[in-house]
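All remarks here apply to the structure that follows.
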Amino acid sequence: MQTELWGRYEVNLVQEGYGGTSSVYFGFDPLYQRKVAIKKMPDITLGLKEAWIMNIYGLNERLVEFYDFFIHDNHACIVMELLNVNEFDTLGQKEAVQVTVNILKGLQYLHSKGIIHADIAPSNIILTNNKTLSLKIIDFESARLKDSEGVFRGDVKNWIFAPSSSKEIDDSYDLYSAAAVCTYILTGDVKAQKIKHAKLKEILEKAMREDPKRRYRKATDFIKALEEL
């Protein structure tokens, strides 16, 4: 195994993941005697912004934990907890709904901190235990801070491109994407019309309405609807 020192961190140079222009490596922190994941990004400003967002949200059981930030070889490096990764491919409806509720609880906390994730996608949800359905939301590269009115004004891009009537997005943008993830887990597609269970289909279709004002406005409302199934 080829390793290299990046600051105090011992890094396995075999790339373990990637996203956009970033790469993810396994590492070891000798100071705290723990394994870590290190995300290396060529855009230092973007890396600083992501680390700042992660530092703002702090500790939550459904959000990947931020440890450190440093610059190595003219790249931004974000140090975070190393996660166990399980697959979604064998989940039934009951399990998929519970996964969605767990995602929404993570989003509820994130939104309470004034943050919109803006890129909720299957690749950014890590199932850490396929028995308890524990999970972590990762990748805050696209995350945005809300203004005093609870919205972000500007352009965003994500895997599903949740419709917006303007260049303003709010909490419902993430809720749309969470519904799309649930649909994808169950059908392999993002169209709620393919859901067979009538009530679940109705709930997901509401979350994915084209007009943001006609969707669930808060994660708590979406959670309540799913838990009443």
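Ordered as shown in the structure tokens, chains take letters A, B, and onward, while each chain numbers its residues from 1 and ligands are numbered from 1 in the order shown.
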
Test item: residues at most 9 Å from A:Ala143, only C-alpha atoms, excluding those fewer than 2 positions along its chain, as number ranges by chain: A: 49-50, 53, 115-119, 139-141, 145, 156

Could you please take those selected residues and save C-alpha atoms as an mmCIF file, in the first residue's frame?
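result_21.cif, written as the output of this step:
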```cif
data_model
loop_
_atom_site.group_PDB
_atom_site.id
_atom_site.type_symbol
_atom_site.label_atom_id
_atom_site.label_comp_id
_atom_site.auth_asym_id
_atom_site.auth_seq_id
_atom_site.Cartn_x
_atom_site.Cartn_y
_atom_site.Cartn_z
ATOM 1 C CA LYS A 49 -16.736 27.106 1.457
ATOM 2 C CA GLU A 50 -17.625 23.438 1.868
ATOM 3 C CA ILE A 53 -20.657 24.891 5.729
ATOM 4 C CA ILE A 115 -28.399 25.544 5.078
ATOM 5 C CA ILE A 116 -29.886 24.072 1.888
ATOM 6 C CA HIS A 117 -27.950 21.005 0.726
ATOM 7 C CA ALA A 118 -29.005 21.528 -2.924
ATOM 8 C CA ASP A 119 -27.635 18.181 -4.154
ATOM 9 C CA ASP A 139 -21.004 16.179 -0.085
ATOM 10 C CA PHE A 140 -21.764 19.797 0.782
ATOM 11 C CA GLU A 141 -19.982 21.221 -2.254
ATOM 12 C CA LEU A 145 -26.847 29.415 3.039
ATOM 13 C CA VAL A 156 -27.929 25.659 -8.419
#
```

Excluding A:Glu4 and any residue of its chain fewer than 6 positions from it, enumerate the residues within 10 Å of it, using only C-alpha atoms, and give them as a list in words. Glu10, Val11, Asn12, Leu13 and Gly27 of chain A

Enumerate, in order of chain and increasing residue number, the residues of stretch 29-98 of chain A with an atom no farther than 9 Å from stretch 180-185 of chain A, each with its shortest atom pair and distance in Å to one decimal, counting only C-alpha atoms, as CSV.
```
residue,atom,partner,partner_atom,distance
A:Phe88,CA,A:Ile185,CA,6.7
A:Asp89,CA,A:Ile185,CA,7.0
A:Thr90,CA,A:Ile185,CA,8.9
A:Leu91,CA,A:Ile185,CA,7.3
A:Gly92,CA,A:Ile185,CA,8.6
A:Gln93,CA,A:Ile185,CA,8.8
A:Ala96,CA,A:Cys182,CA,6.1
A:Val97,CA,A:Cys182,CA,6.8
```

For the helix (DSSP H, G or I) assignment from backbone DSSP, which residues of stretch 56-220 of chain A qualify? Please present them as a VMD selection string. chain A and resid 56 to 57 93 to 112 122 to 124 171 to 187 192 to 194 198 to 207 212 to 214 219 to 220

Hey, which of A:Lys94, A:Leu104, A:Arg217, A:Glu227 ends up closest to A:His197? Count only C-alpha atoms.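 Selected residue with least distance to A:His197: A:Lys94.
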
Could you check how far atom CA of A:Leu110 sits from atom CA of A:Leu229, in Å to one decimal?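 Taking atom CA of A:Leu110 as the start and atom CA of A:Leu229 as the end point, the length is 24.7 Å.
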
What lies within 7 Å of stretch 38-47 of chain A using only C-alpha atoms, ignoring chain neighbours under 4 positions off, as a PyMOL selection string? chain A and resi 21-27+51+75-80

Could you write those residues out with C-alpha atoms, as a compact mmCIF listing (two decimals), in the first residue's frame?
```txt
# COMPACT_ATOMS: atom_id res chain seq x y z
CA THR A 21 -13.22 17.51 -9.86
CA SER A 22 -12.61 16.18 -6.34
CA SER A 23 -11.04 12.91 -5.18
CA VAL A 24 -11.51 11.03 -1.90
CA TYR A 25 -8.78 9.07 -0.12
CA PHE A 26 -8.49 6.94 3.01
CA GLY A 27 -6.21 8.41 5.64
CA ALA A 51 -15.53 23.13 5.04
CA HIS A 75 -5.35 21.69 -3.25
CA ALA A 76 -8.01 22.07 -0.57
CA CYS A 77 -8.28 19.02 1.68
CA ILE A 78 -11.34 18.35 3.84
CA VAL A 79 -10.89 15.74 6.57
CA MET A 80 -14.04 13.95 7.72
```

For A:Arg62, find every residue with an atom within 9 Å (counting only C-alpha atoms), except residues of its own chain fewer than 4 positions away, and show them as a count of residues only. 10

Calculated over only C-alpha atoms, which of the candidates A:Gln33, A:Gln2, A:Asn130, A:Thr187 has the smallest distance to A:Asn86?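 Closest to A:Asn86, using only C-alpha atoms: A:Asn130.
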